[in-house]
>>> print(open('model02.cif').read())   # mmCIF, C-alpha atoms and all ligand atoms
data_run
loop_
_atom_site.label_atom_id
_atom_site.label_comp_id
_atom_site.auth_asym_id
_atom_site.auth_seq_id
_atom_site.Cartn_x
_atom_site.Cartn_y
_atom_site.Cartn_z
CA MET A 12 74.13 143.58 99.33
CA ALA A 13 73.79 147.24 98.55
CA SER A 14 74.27 149.42 95.57
CA SER A 15 73.69 153.06 96.31
CA SER A 16 75.39 156.29 95.51
CA ALA A 17 74.90 158.48 98.57
CA ILE A 18 77.64 159.18 101.07
CA ARG A 19 77.19 156.59 103.79
CA GLN A 20 78.84 155.32 106.91
CA VAL A 21 79.53 151.73 107.86
CA LYS A 22 80.32 150.74 111.41
CA LEU A 23 82.56 147.68 111.60
CA GLU A 24 82.75 145.58 114.75
CA LYS A 25 86.09 144.08 115.73
CA GLU A 26 87.44 141.36 113.41
CA CYS A 27 84.90 142.20 110.72
CA GLU A 28 85.43 143.36 107.18
CA LEU A 29 83.65 145.48 104.63
CA ARG A 30 83.86 143.79 101.21
CA VAL A 31 83.59 146.07 98.24
CA GLU A 32 83.41 145.65 94.49
CA VAL A 33 83.82 149.04 92.86
CA SER A 34 81.44 149.67 89.95
CA GLU A 35 82.41 149.12 86.31
CA ASN A 36 82.54 152.75 85.33
CA ALA A 37 83.25 155.03 88.26
CA PRO A 38 85.78 155.13 91.07
CA LEU A 39 84.78 154.90 94.71
CA ARG A 40 85.93 157.21 97.48
CA LEU A 41 86.38 155.83 100.96
CA ARG A 42 87.83 157.02 104.24
CA LEU A 43 88.39 155.89 107.79
CA LEU A 44 86.42 158.05 110.21
CA ASN A 45 87.53 156.42 113.45
CA GLY A 46 89.18 153.31 114.79
CA THR A 47 91.83 151.44 112.82
CA ALA A 48 91.48 149.38 109.67
CA GLU A 49 93.59 147.81 106.95
CA ILE A 50 93.24 146.78 103.34
CA PHE A 51 94.96 143.47 102.62
CA GLY A 52 97.55 144.05 105.35
CA THR A 53 98.17 147.76 104.81
CA GLU A 54 96.78 150.18 107.36
CA ILE A 55 94.66 152.97 105.99
CA PRO A 56 95.34 156.49 107.21
CA PRO A 57 92.63 158.26 109.25
CA GLU A 58 90.36 160.89 107.69
CA ILE A 59 91.95 160.97 104.25
CA TRP A 60 89.71 160.15 101.27
CA LEU A 61 91.16 157.31 99.19
CA SER A 62 90.01 156.78 95.63
CA PHE A 63 89.60 153.23 94.32
CA PRO A 64 89.49 152.64 90.56
CA PRO A 65 86.57 150.92 88.78
CA ARG A 66 86.30 147.11 89.11
CA LEU A 67 88.67 146.87 92.07
CA LYS A 68 87.61 144.25 94.62
CA PHE A 69 88.87 144.67 98.14
CA ALA A 70 88.07 144.40 101.82
CA VAL A 71 88.54 146.85 104.69
CA PHE A 72 89.29 144.75 107.75
CA THR A 73 89.42 145.94 111.34
CA TRP A 74 91.01 144.17 114.31
CA TYR A 75 89.46 146.45 116.96
CA GLY A 76 86.53 148.21 115.28
CA ALA A 77 86.23 151.14 112.88
CA THR A 78 83.84 153.44 111.12
CA ILE A 79 84.19 153.80 107.36
CA GLU A 80 82.64 156.40 105.07
CA MET A 81 82.00 155.68 101.39
CA ASP A 82 81.11 158.00 98.55
CA GLY A 83 80.11 156.58 95.18
CA ILE A 84 78.37 153.66 93.52
CA THR A 85 79.51 150.11 94.17
CA GLU A 86 78.77 146.88 92.39
CA THR A 87 78.30 145.37 95.85
CA ASP A 88 79.37 146.16 99.37
CA TYR A 89 78.59 144.18 102.49
CA THR A 90 79.94 143.48 105.93
CA ALA A 91 81.24 140.04 106.91
CA ASP A 92 82.01 138.85 110.42
CA GLU A 93 83.51 135.53 109.36
CA THR A 94 87.01 135.82 107.95
CA PRO A 95 90.15 133.66 108.07
CA MET A 96 92.22 136.69 109.16
CA ILE A 97 93.11 135.24 112.58
CA SER A 98 94.61 132.16 110.98
CA TYR A 99 96.48 134.34 108.47
CA VAL A 100 97.96 136.56 111.17
CA ASN A 101 98.96 133.45 113.11
CA VAL A 102 100.95 132.31 110.07
CA HIS A 103 102.52 135.78 109.98
CA ALA A 104 103.52 135.43 113.65
CA VAL A 105 105.23 132.10 112.97
CA LEU A 106 107.09 133.64 110.01
CA GLU A 107 108.19 136.58 112.17
CA GLY A 108 109.63 134.13 114.69
CA ARG A 109 111.64 132.47 111.96
CA ARG A 110 112.89 135.82 110.66
CA ASN A 111 114.05 136.83 114.11
CA ARG A 112 115.83 133.52 114.59
CA ALA A 113 117.50 133.86 111.19
CA LYS A 114 118.63 137.39 112.01
CA ALA A 115 120.04 136.33 115.38
CA SER A 116 122.05 133.46 113.93
CA SER A 117 125.57 134.01 112.66
CA SER A 118 125.44 134.91 109.00
CA GLY A 119 128.17 132.35 108.33
CA ASP A 120 125.61 129.59 108.76
CA ALA A 121 123.82 129.59 105.42
CA GLU A 122 121.03 127.33 106.66
CA ALA A 123 120.27 129.08 109.95
CA SER A 124 120.51 132.62 108.61
CA GLN A 125 117.88 131.94 105.97
CA GLY A 126 114.46 133.31 106.86
CA PRO A 127 111.20 131.70 105.79
CA ARG A 128 110.66 130.90 102.13
CA VAL A 129 106.92 130.81 101.78
CA ILE A 130 105.10 129.60 98.71
CA VAL A 131 101.37 130.18 98.30
CA VAL A 132 99.53 127.62 96.18
CA GLY A 133 95.92 126.80 95.35
CA PRO A 134 93.35 126.89 92.57
CA VAL A 135 92.39 130.04 90.67
CA ASP A 136 90.46 132.56 92.72
CA SER A 137 91.40 131.11 96.06
CA GLY A 138 92.94 134.31 97.39
CA LYS A 139 96.61 133.44 96.76
CA SER A 140 97.67 136.88 95.55
CA THR A 141 95.75 138.52 98.37
CA LEU A 142 97.32 136.29 101.03
CA SER A 143 100.81 136.88 99.58
CA ARG A 144 100.17 140.58 99.75
CA MET A 145 99.00 140.52 103.36
CA LEU A 146 102.00 138.50 104.53
CA LEU A 147 104.35 140.89 102.72
CA SER A 148 102.69 144.04 104.02
CA TRP A 149 102.55 142.85 107.61
CA SER A 150 106.19 141.91 107.49
CA ALA A 151 107.22 145.20 105.84
CA LYS A 152 105.34 147.01 108.59
CA GLN A 153 107.62 145.31 111.11
CA GLY A 154 110.62 146.71 109.25
CA TRP A 155 111.62 143.65 107.18
CA LYS A 156 112.25 143.76 103.46
CA PRO A 157 110.93 140.40 102.29
CA THR A 158 111.29 139.48 98.65
CA PHE A 159 108.12 139.02 96.68
CA VAL A 160 108.40 136.46 93.91
CA ASP A 161 105.53 136.32 91.45
CA LEU A 162 105.44 133.21 89.27
CA ASP A 163 101.95 133.91 87.92
CA ILE A 164 102.33 134.69 84.23
CA GLY A 165 98.56 135.06 83.90
CA GLN A 166 98.04 138.14 86.04
CA GLY A 167 101.29 139.66 87.21
CA SER A 168 101.26 141.85 90.31
CA ILE A 169 104.86 143.05 89.90
CA THR A 170 104.95 143.74 86.19
CA ILE A 171 102.96 142.92 83.05
CA PRO A 172 101.52 139.44 82.37
CA GLY A 173 103.70 136.91 80.55
CA CYS A 174 106.57 137.45 83.00
CA ILE A 175 107.91 136.06 86.22
CA ALA A 176 109.44 138.61 88.55
CA ALA A 177 110.80 139.43 91.97
CA THR A 178 111.20 142.58 94.01
CA PRO A 179 111.93 143.47 97.64
CA ILE A 180 108.91 144.86 99.50
CA GLU A 181 110.15 147.74 101.60
CA MET A 182 106.81 149.23 102.61
CA PRO A 183 103.30 147.90 103.13
CA ILE A 184 101.78 147.57 99.66
CA ASP A 185 99.57 150.52 98.69
CA PRO A 186 95.94 149.35 98.45
CA VAL A 187 95.39 151.38 95.28
CA ASP A 188 98.76 151.73 93.56
CA GLY A 189 100.04 148.24 94.32
CA ILE A 190 103.74 147.50 94.12
CA PRO A 191 105.96 150.36 92.91
CA LEU A 192 107.53 149.49 89.57
CA GLU A 193 111.07 150.29 90.68
CA MET A 194 113.54 148.06 88.91
CA PRO A 195 112.09 144.64 89.64
CA LEU A 196 113.97 141.56 88.49
CA VAL A 197 111.95 140.36 85.50
CA TYR A 198 112.21 137.40 83.14
CA PHE A 199 110.06 137.40 80.01
CA TYR A 200 108.23 134.21 79.17
CA GLY A 201 106.06 135.88 76.54
CA HIS A 202 102.86 133.86 76.88
CA THR A 203 100.05 133.91 79.40
CA THR A 204 99.79 130.16 79.88
CA PRO A 205 102.70 127.90 80.79
CA SER A 206 101.58 125.07 78.49
CA VAL A 207 102.87 127.00 75.45
CA ASN A 208 106.43 126.18 76.50
CA VAL A 209 106.69 124.40 79.84
CA GLU A 210 110.43 123.84 79.47
CA LEU A 211 111.10 127.55 78.99
CA TYR A 212 108.92 128.41 81.99
CA LYS A 213 110.97 126.06 84.16
CA VAL A 214 114.25 127.44 82.87
CA LEU A 215 113.17 131.01 83.64
CA VAL A 216 112.05 130.01 87.15
CA LYS A 217 115.50 128.50 87.66
CA GLU A 218 117.23 131.64 86.38
CA LEU A 219 115.17 133.84 88.66
CA ALA A 220 115.91 131.62 91.66
CA ARG A 221 119.61 131.55 90.86
CA THR A 222 119.81 135.34 90.58
CA LEU A 223 117.97 135.79 93.89
CA GLU A 224 120.23 133.26 95.57
CA ARG A 225 123.22 135.30 94.44
CA GLN A 226 121.69 138.50 95.78
CA PHE A 227 120.81 136.89 99.11
CA SER A 228 124.30 135.53 99.64
CA GLY A 229 125.60 139.08 99.96
CA ASN A 230 122.68 140.47 101.88
CA ALA A 231 121.98 139.12 105.37
CA GLU A 232 119.01 141.44 105.81
CA SER A 233 117.01 140.19 102.85
CA ARG A 234 118.11 136.63 103.57
CA ALA A 235 116.61 136.81 107.04
CA ALA A 236 113.42 138.48 105.77
CA GLY A 237 112.93 135.57 103.35
CA MET A 238 110.49 135.45 100.51
CA VAL A 239 106.85 135.05 99.65
CA ILE A 240 106.25 133.26 96.36
CA ASN A 241 102.91 133.65 94.61
CA THR A 242 101.90 131.02 92.05
CA MET A 243 99.41 130.39 89.27
CA GLY A 244 96.07 128.72 89.86
CA TRP A 245 96.94 125.74 87.72
CA ILE A 246 97.09 122.76 90.08
CA GLU A 247 96.34 119.74 87.87
CA GLY A 248 98.75 117.76 85.71
CA VAL A 249 101.57 119.94 84.46
CA GLY A 250 100.38 122.69 86.81
CA TYR A 251 100.98 120.39 89.77
CA GLU A 252 104.39 119.47 88.39
CA LEU A 253 105.25 123.17 88.15
CA ILE A 254 104.26 123.72 91.79
CA LEU A 255 106.66 120.95 92.84
CA HIS A 256 109.30 122.43 90.56
CA ALA A 257 108.92 125.85 92.18
CA ILE A 258 109.04 124.43 95.74
CA ASP A 259 112.19 122.59 94.84
CA THR A 260 113.87 125.38 92.86
CA PHE A 261 113.38 128.06 95.52
CA ASN A 262 113.95 125.66 98.43
CA ALA A 263 110.63 126.73 99.87
CA ASN A 264 110.19 125.70 103.49
CA VAL A 265 106.61 126.81 104.10
CA VAL A 266 103.89 125.76 101.65
CA LEU A 267 100.58 127.52 102.22
CA VAL A 268 97.69 125.80 100.47
CA SER A 269 94.65 127.98 100.06
CA GLY A 270 91.32 126.19 100.30
CA GLN A 271 92.13 122.86 98.66
CA GLU A 272 92.04 119.70 100.74
CA LYS A 273 93.20 117.41 97.94
CA LEU A 274 96.16 119.51 96.83
CA CYS A 275 97.21 119.90 100.45
CA SER A 276 97.21 116.17 101.14
CA MET A 277 99.02 115.44 97.88
CA LEU A 278 101.74 117.93 98.76
CA LYS A 279 102.00 116.64 102.34
CA ASP A 280 102.49 113.19 100.92
CA VAL A 281 105.22 113.99 98.37
CA LEU A 282 107.03 116.30 100.80
CA LYS A 283 106.89 114.01 103.83
CA ASN A 284 110.53 113.02 103.46
CA LYS A 285 111.55 116.69 103.62
CA PRO A 286 111.12 117.39 107.35
CA ASN A 287 112.13 121.04 106.98
CA VAL A 288 109.19 121.79 104.66
CA ASP A 289 105.90 122.60 106.38
CA VAL A 290 102.69 122.21 104.42
CA VAL A 291 99.87 124.26 105.93
CA LYS A 292 96.28 124.31 104.80
CA LEU A 293 94.53 127.64 105.07
CA GLN A 294 90.90 128.45 104.74
CA LYS A 295 89.88 130.44 101.68
CA SER A 296 88.24 133.75 102.51
CA GLY A 297 84.54 133.99 101.73
CA GLY A 298 85.33 137.40 100.29
CA VAL A 299 87.42 136.14 97.39
CA VAL A 300 85.64 137.01 94.19
CA SER A 301 85.63 134.58 91.26
CA ARG A 302 86.64 136.23 88.05
CA GLY A 303 85.74 134.72 84.72
CA ALA A 304 88.10 134.17 81.80
CA LYS A 305 86.87 137.40 80.24
CA PHE A 306 87.59 139.40 83.37
CA ARG A 307 91.10 137.93 83.51
CA GLN A 308 91.70 138.82 79.89
CA LYS A 309 90.58 142.37 80.60
CA ALA A 310 92.71 142.56 83.72
CA ARG A 311 95.75 141.54 81.65
CA SER A 312 95.01 144.25 79.17
CA TYR A 313 94.64 146.90 81.91
CA ARG A 314 97.91 145.77 83.41
CA ILE A 315 99.74 146.37 80.12
CA ARG A 316 98.03 149.73 79.74
CA GLU A 317 99.15 150.62 83.25
CA TYR A 318 102.76 149.82 82.34
CA PHE A 319 102.75 152.37 79.53
CA TYR A 320 100.24 154.98 80.73
CA GLY A 321 100.22 154.63 84.52
CA LEU A 322 97.34 153.67 86.78
CA SER A 323 95.52 156.95 86.25
CA ASN A 324 96.97 158.05 82.92
CA ASP A 325 99.79 159.81 84.74
CA LEU A 326 102.55 158.48 82.48
CA ALA A 327 103.23 159.46 78.89
CA PRO A 328 104.90 156.76 76.81
CA TYR A 329 107.08 157.75 73.88
CA SER A 330 106.45 156.74 70.33
CA ASN A 331 109.72 155.81 68.67
CA VAL A 332 110.63 154.76 65.14
CA SER A 333 113.47 152.37 64.30
CA ASN A 334 114.81 150.78 61.14
CA PHE A 335 114.22 147.05 60.86
CA THR A 336 117.99 146.62 60.74
CA ASP A 337 118.48 148.34 64.11
CA LEU A 338 116.61 145.74 66.13
CA PHE A 339 117.25 142.04 66.55
CA VAL A 340 114.05 140.21 67.40
CA TYR A 341 114.19 136.66 68.74
CA ARG A 342 111.63 134.01 69.54
CA ILE A 343 112.47 131.30 72.05
CA GLY A 344 111.47 127.77 71.06
CA GLY A 345 108.52 126.99 68.86
CA GLY A 346 110.16 127.60 65.49
CA PRO A 347 109.10 125.65 62.43
CA GLN A 348 109.40 121.92 62.97
CA ALA A 349 110.79 119.54 60.40
CA PRO A 350 107.98 117.37 59.05
CA ARG A 351 108.17 113.71 60.04
CA SER A 352 108.77 112.75 56.40
CA ALA A 353 111.97 114.78 56.30
CA LEU A 354 113.49 113.00 59.30
CA PRO A 355 115.51 109.77 59.36
CA ILE A 356 113.33 106.71 59.90
CA GLY A 357 112.42 106.30 63.57
CA ALA A 358 113.36 109.83 64.57
CA GLU A 359 110.72 111.94 66.34
CA PRO A 360 110.22 115.54 65.27
CA ALA A 361 111.29 117.60 68.23
CA ALA A 362 111.51 121.33 68.42
CA ASP A 363 114.04 122.42 71.00
CA PRO A 364 111.93 124.48 73.44
CA LEU A 365 114.91 126.70 74.20
CA ARG A 366 116.05 127.21 70.64
CA LEU A 367 116.68 130.84 69.84
CA VAL A 368 115.17 131.80 66.49
CA ARG A 369 115.87 135.16 64.89
CA VAL A 370 112.65 136.49 63.36
CA ASN A 371 112.28 139.04 60.63
CA ILE A 372 110.19 142.03 61.52
CA ASN A 373 106.86 141.68 59.72
CA ARG A 374 103.22 142.72 59.86
CA ASP A 375 102.47 139.89 62.32
CA MET A 376 104.27 141.86 65.00
CA LEU A 377 101.67 144.60 64.99
CA HIS A 378 100.07 144.98 68.46
CA LEU A 379 102.51 142.61 70.10
CA VAL A 380 104.30 143.44 73.33
CA LEU A 381 108.03 142.68 73.09
CA ALA A 382 110.58 142.55 75.87
CA VAL A 383 113.90 144.38 75.75
CA SER A 384 116.57 141.95 76.94
CA PHE A 385 119.58 142.83 79.07
CA ALA A 386 121.58 140.30 77.04
CA LYS A 387 124.85 141.53 75.55
CA GLU A 388 125.04 138.66 73.06
CA ALA A 389 122.23 136.76 71.42
CA ASP A 390 123.14 133.50 73.12
CA GLN A 391 122.54 135.09 76.53
CA ILE A 392 118.92 135.97 75.76
CA VAL A 393 117.29 132.94 77.39
CA SER A 394 119.22 133.40 80.62
CA SER A 395 118.96 137.20 80.82
CA ASN A 396 116.39 139.29 82.60
CA VAL A 397 114.65 142.11 80.80
CA ALA A 398 114.82 145.89 81.09
CA GLY A 399 111.25 146.59 80.03
CA PHE A 400 108.76 146.33 77.20
CA ILE A 401 107.76 147.96 73.96
CA TYR A 402 104.44 147.88 72.16
CA VAL A 403 104.44 147.69 68.37
CA THR A 404 102.04 150.26 66.88
CA ASP A 405 103.06 150.27 63.23
CA ILE A 406 105.08 148.26 60.73
CA ASP A 407 106.02 149.90 57.46
CA ILE A 408 107.25 147.09 55.25
CA GLN A 409 108.12 149.34 52.33
CA ARG A 410 110.32 151.74 54.28
CA GLU A 411 111.41 149.02 56.70
CA LYS A 412 110.43 151.05 59.75
CA ILE A 413 108.88 149.88 63.01
CA THR A 414 106.98 152.26 65.29
CA TYR A 415 106.55 151.39 68.94
CA LEU A 416 105.62 152.77 72.33
CA ALA A 417 108.28 152.70 75.02
CA PRO A 418 108.11 153.97 78.61
CA SER A 419 110.95 156.40 77.97
CA ALA A 420 112.44 158.39 75.13
CA GLY A 421 115.68 157.71 73.33
CA GLU A 422 117.47 154.57 72.43
CA LEU A 423 116.40 151.26 73.93
CA PRO A 424 118.78 149.82 76.54
CA SER A 425 119.52 146.97 74.12
CA ARG A 426 118.90 145.94 70.52
CA PHE A 427 117.91 142.42 71.55
CA LEU A 428 114.15 141.99 71.72
CA ILE A 429 112.12 138.92 72.65
CA VAL A 430 108.79 138.18 71.02
CA GLY A 431 106.17 135.76 72.27
CA THR A 432 102.40 135.72 71.88
CA LEU A 433 101.61 138.58 74.24
CA THR A 434 99.28 141.00 72.48
CA TRP A 435 97.53 144.16 73.52
CA LEU A 436 94.81 146.16 71.83
CA GLU A 437 94.99 149.72 72.98
CA SER A 438 91.49 150.89 73.80
N1 LIG A 501 88.28 139.33 101.68
C1 LIG A 501 88.06 139.82 100.46
N2 LIG A 501 87.06 140.71 100.23
C2 LIG A 501 86.83 141.19 99.00
N3 LIG A 501 87.52 140.84 97.91
C3 LIG A 501 88.53 139.98 98.08
C4 LIG A 501 88.86 139.41 99.34
N4 LIG A 501 89.92 138.58 99.17
C5 LIG A 501 90.23 138.62 97.87
N5 LIG A 501 89.42 139.45 97.21
C6 LIG A 501 89.42 139.74 95.76
O1 LIG A 501 89.11 138.52 95.09
C7 LIG A 501 89.81 138.45 93.85
C8 LIG A 501 90.58 137.14 93.77
O2 LIG A 501 91.56 137.08 94.77
P1 LIG A 501 93.08 136.73 94.46
O3 LIG A 501 93.85 136.87 95.72
O4 LIG A 501 93.54 137.52 93.29
O5 LIG A 501 92.94 135.19 94.06
P2 LIG A 501 94.00 134.23 93.32
O6 LIG A 501 95.33 134.92 93.36
O7 LIG A 501 93.99 132.96 94.10
O8 LIG A 501 93.48 134.03 91.92
C9 LIG A 501 90.70 139.69 93.81
O9 LIG A 501 90.09 140.66 92.99
C10 LIG A 501 90.79 140.14 95.25
O10 LIG A 501 91.00 141.53 95.34
MG MG A 502 96.67 135.45 91.88
#
>>> encode(input="model02.cif", output="structure tokens")
Amino acid sequence: MASSSAIRQVKLEKECELRVEVSENAPLRLRLLNGTAEIFGTEIPPEIWLSFPPRLKFAVFTWYGATIEMDGITETDYTADETPMISYVNVHAVLEGRRNRAKASSSGDAEASQGPRVIVVGPVDSGKSTLSRMLLSWSAKQGWKPTFVDLDIGQGSITIPGCIAATPIEMPIDPVDGIPLEMPLVYFYGHTTPSVNVELYKVLVKELARTLERQFSGNAESRAAGMVINTMGWIEGVGYELILHAIDTFNANVVLVSGQEKLCSMLKDVLKNKPNVDVVKLQKSGGVVSRGAKFRQKARSYRIREYFYGLSNDLAPYSNVSNFTDLFVYRIGGGPQAPRSALPIGAEPAADPLRLVRVNINRDMLHLVLAVSFAKEADQIVSSNVAGFIYVTDIDIQREKITYLAPSAGELPSRFLIVGTLTWLES
């Protein structure tokens, strides 16, 4: 472990990696002096200084040897010669074989022309997002455009937390900038844990899968490239049920289990009568960093900030003002429940988890992040994807005006907004 600030060089032997945690307050500069190296599946260019933002945790891995130069303070940086990278790249090779077979088959055969549908599961901090990213970047490097599906409402690598989303990956993912925010397919769940409304979560997963299925049916190229589905780290109880639901809904045929013997054997057991589904256990990388609840909360907040302001403050959101009467805000499910005493004898109070409730704009909406739905009618809200998000910065009850940040100026693409419990405190 080291923590120094001078410019220094690190020589990496073949199949070794340099694991770095950038410091809390300052970015780190790094460049490749010679050899070849990659960060989570994306090759880094020679000679050019790359700047990594505070708190980022990453590894520079080399297959054949490399020399790296670093400039700046790190929380930690150390070299590791034991990594699961060989097993990961072996999985990639198997997936490539399936993509090639799918491409070669006649596109009339729906089954045979479908490339691998990979789902990555495992507990929190087991390297799921990182593995998904590597598989996508390696495959994009070979010229495929696999679809990345992110079902993790807690972190969100495609868009802000509280959403599930999908996007084609056309280029290896940039180690600093991540996935470009170009028109992903996004459904707004509105909460950062699925237990708030499990039924809604499942419905949105189904909608997302259905939309992708439609897109694939007219696109042999993305069909053959297949998908990589990233999941949440919730693997017990309802979390386990949601993993099975996702496998089933997306017709996943490769299940990668990161570092969890028990989950792997449970999945093997329930999926044993589906011979076309392979369950593969993969070793968790020793480099995966555990992040506490507080870190996750902060990461969520940074992610929302990034949506409005850009990764390095390079975007300028617009502050808009609307009349209360111009916007229709809806909540999905929840709503006030009838008390047991008001129900017929024997009836159970049940709130329909998918019930659409129109909510009046009030002070409680301050600092909430709302989604702008693509729905044309209110009754399409649950099944519609969203155009983007706004952040409520002021509510003037007297004048009935709402002030909010939006990524672009002018009128919102729709008057239908969805509210959940997603908050953000600009800091
Ligand atoms: N080999 C590695 N070296 C250094 N950091 C790593 C490595 N693999 C993963 N990480 C970091 O560990 C953290 C957790 O990994 P992640 O893939 O997000 O886990 P999960 O998605 O299972 O919660 C992330 O910040 C990631 O960048
Ligand atoms: Mg993750």
>>> atom_distance(input="model02.cif", atom1="CA of Glu93 (chain A)", atom2="CA of Arg30 (chain A)")
11.6 Å
>>> residues_near_ligand(input="model02.cif", ligand="ligand LIG 501 (chain A)", cutoff="8 Å", atoms="all atoms listed in the file", output="ChimeraX atom specification")
/A:28-32,51,67-71,94,132-143,241-244,269,296-302
>>> closest_residue(input="model02.cif", among="A:Val129, A:Ile190, A:Met81, A:Ile401", to="Leu416 (chain A)", atoms="all atoms listed in the file")
A:Ile401
>>> closest_residue(input="model02.cif", among="A:Leu219, A:Cys27, A:Val131, A:Ile246", to="ligand MG 502 (chain A)", atoms="only C-alpha atoms and all ligand atoms")
A:Val131
>>> atom_distance(input="model02.cif", atom1="CA of Met238 (chain A)", atom2="CA of Ala263 (chain A)")
8.7 Å
>>> residues_around(input="model02.cif", residues="Thr222 (chain A)", least_positions_apart="3", cutoff="12 Å", atoms="all atoms listed in the file", output="number ranges by chain")
A: 160, 176-178, 196-198, 215-219, 225-229, 260-261, 394-396
>>> residues_around(input="model02.cif", residues="region 96-110 of chain A", least_positions_apart="2", cutoff="7 Å", atoms="only C-alpha atoms", output="count of residues only")
9
>>> atom_distance(input="model02.cif", atom1="CA of Ile315 (chain A)", atom2="CA of Phe199 (chain A)")
13.7 Å
>>> residues_near_point(input="model02.cif", point="(81.8, 149.3, 87.7)", cutoff="10 Å", atoms="all atoms listed in the file", output="PyMOL selection string")
chain A and resi 32-39+64-67+84-87
>>> closest_atom_pairs(input="model02.cif", of="region 234-269 of chain A", to="region 210-213 of chain A", cutoff="9 Å", atoms="all atoms listed in the file", output="Markdown table")
| residue | atom | partner | partner_atom | distance |
| --- | --- | --- | --- | --- |
| A:Leu253 | CA | A:Lys213 | CA | 7.5 |
| A:His256 | CA | A:Lys213 | CA | 7.5 |
| A:Ala257 | CA | A:Lys213 | CA | 8.3 |
>>> closest_residue(input="model02.cif", among="A:Thr78, A:Gln294, A:Thr73, A:Gln271", to="Glu58 (chain A)", atoms="only C-alpha atoms")
A:Thr78
>>> closest_residue(input="model02.cif", among="A:Val291, A:Leu274, A:Arg311, A:Glu252", to="ligand MG 502 (chain A)", atoms="only C-alpha atoms and all ligand atoms")
A:Arg311
>>> residues_around(input="model02.cif", residues="Asn334 (chain A)", least_positions_apart="2", cutoff="8 Å", atoms="all atoms listed in the file", output="ChimeraX atom specification")
/A:332,336-338,411-413
>>> closest_residue(input="model02.cif", among="A:Thr158, A:Asn208, A:Gln125, A:Gln166", to="ligand MG 502 (chain A)", atoms="all atoms listed in the file")
A:Gln166
>>> closest_residue(input="model02.cif", among="A:Val368, A:Asn262, A:Tyr200, A:Thr414", to="Ser384 (chain A)", atoms="all atoms listed in the file")
A:Tyr200
>>> residues_near_point(input="model02.cif", point="(118.9, 150.6, 76.0)", cutoff="12 Å", atoms="only C-alpha atoms", output="number ranges by chain")
A: 338, 382-387, 397-401, 417-428
>>> decode(input="model02.cif", residues="region 319-330 of chain A", atoms="N, CA and C atoms", output="PDB file, in the first residue's frame")
ATOM      1  N   PHE A 319     -27.228  16.367 -14.357  1.00  0.00           N
ATOM      2  CA  PHE A 319     -27.547  17.769 -14.619  1.00  0.00           C
ATOM      3  C   PHE A 319     -26.321  18.607 -14.988  1.00  0.00           C
ATOM      4  N   TYR A 320     -25.189  18.352 -14.331  1.00  0.00           N
ATOM      5  CA  TYR A 320     -24.029  19.232 -14.493  1.00  0.00           C
ATOM      6  C   TYR A 320     -22.875  18.627 -15.289  1.00  0.00           C
ATOM      7  N   GLY A 321     -22.964  17.320 -15.601  1.00  0.00           N
ATOM      8  CA  GLY A 321     -21.850  16.683 -16.306  1.00  0.00           C
ATOM      9  C   GLY A 321     -20.803  16.190 -15.326  1.00  0.00           C
ATOM     10  N   LEU A 322     -19.944  15.313 -15.811  1.00  0.00           N
ATOM     11  CA  LEU A 322     -18.954  14.682 -14.942  1.00  0.00           C
ATOM     12  C   LEU A 322     -17.983  15.707 -14.370  1.00  0.00           C
ATOM     13  N   SER A 323     -17.613  16.689 -15.196  1.00  0.00           N
ATOM     14  CA  SER A 323     -16.665  17.694 -14.706  1.00  0.00           C
ATOM     15  C   SER A 323     -17.267  19.083 -14.863  1.00  0.00           C
ATOM     16  N   ASN A 324     -18.511  19.216 -14.448  1.00  0.00           N
ATOM     17  CA  ASN A 324     -19.200  20.503 -14.516  1.00  0.00           C
ATOM     18  C   ASN A 324     -19.235  21.094 -15.914  1.00  0.00           C
ATOM     19  N   ASP A 325     -19.298  20.232 -16.921  1.00  0.00           N
ATOM     20  CA  ASP A 325     -19.240  20.717 -18.295  1.00  0.00           C
ATOM     21  C   ASP A 325     -20.633  20.930 -18.894  1.00  0.00           C
ATOM     22  N   LEU A 326     -21.676  20.643 -18.124  1.00  0.00           N
ATOM     23  CA  LEU A 326     -23.034  20.898 -18.608  1.00  0.00           C
ATOM     24  C   LEU A 326     -23.655  22.020 -17.779  1.00  0.00           C
ATOM     25  N   ALA A 327     -24.560  22.759 -18.386  1.00  0.00           N
ATOM     26  CA  ALA A 327     -25.263  23.806 -17.654  1.00  0.00           C
ATOM     27  C   ALA A 327     -26.760  23.544 -17.721  1.00  0.00           C
ATOM     28  N   PRO A 328     -27.348  23.082 -16.634  1.00  0.00           N
ATOM     29  CA  PRO A 328     -28.788  22.828 -16.661  1.00  0.00           C
ATOM     30  C   PRO A 328     -29.549  24.147 -16.681  1.00  0.00           C
ATOM     31  N   TYR A 329     -30.794  24.078 -17.122  1.00  0.00           N
ATOM     32  CA  TYR A 329     -31.617  25.279 -17.174  1.00  0.00           C
ATOM     33  C   TYR A 329     -32.578  25.299 -16.012  1.00  0.00           C
ATOM     34  N   SER A 330     -32.797  26.479 -15.479  1.00  0.00           N
ATOM     35  CA  SER A 330     -33.788  26.624 -14.434  1.00  0.00           C
ATOM     36  C   SER A 330     -35.064  27.151 -15.078  1.00  0.00           C
TER      37      SER A 330
END
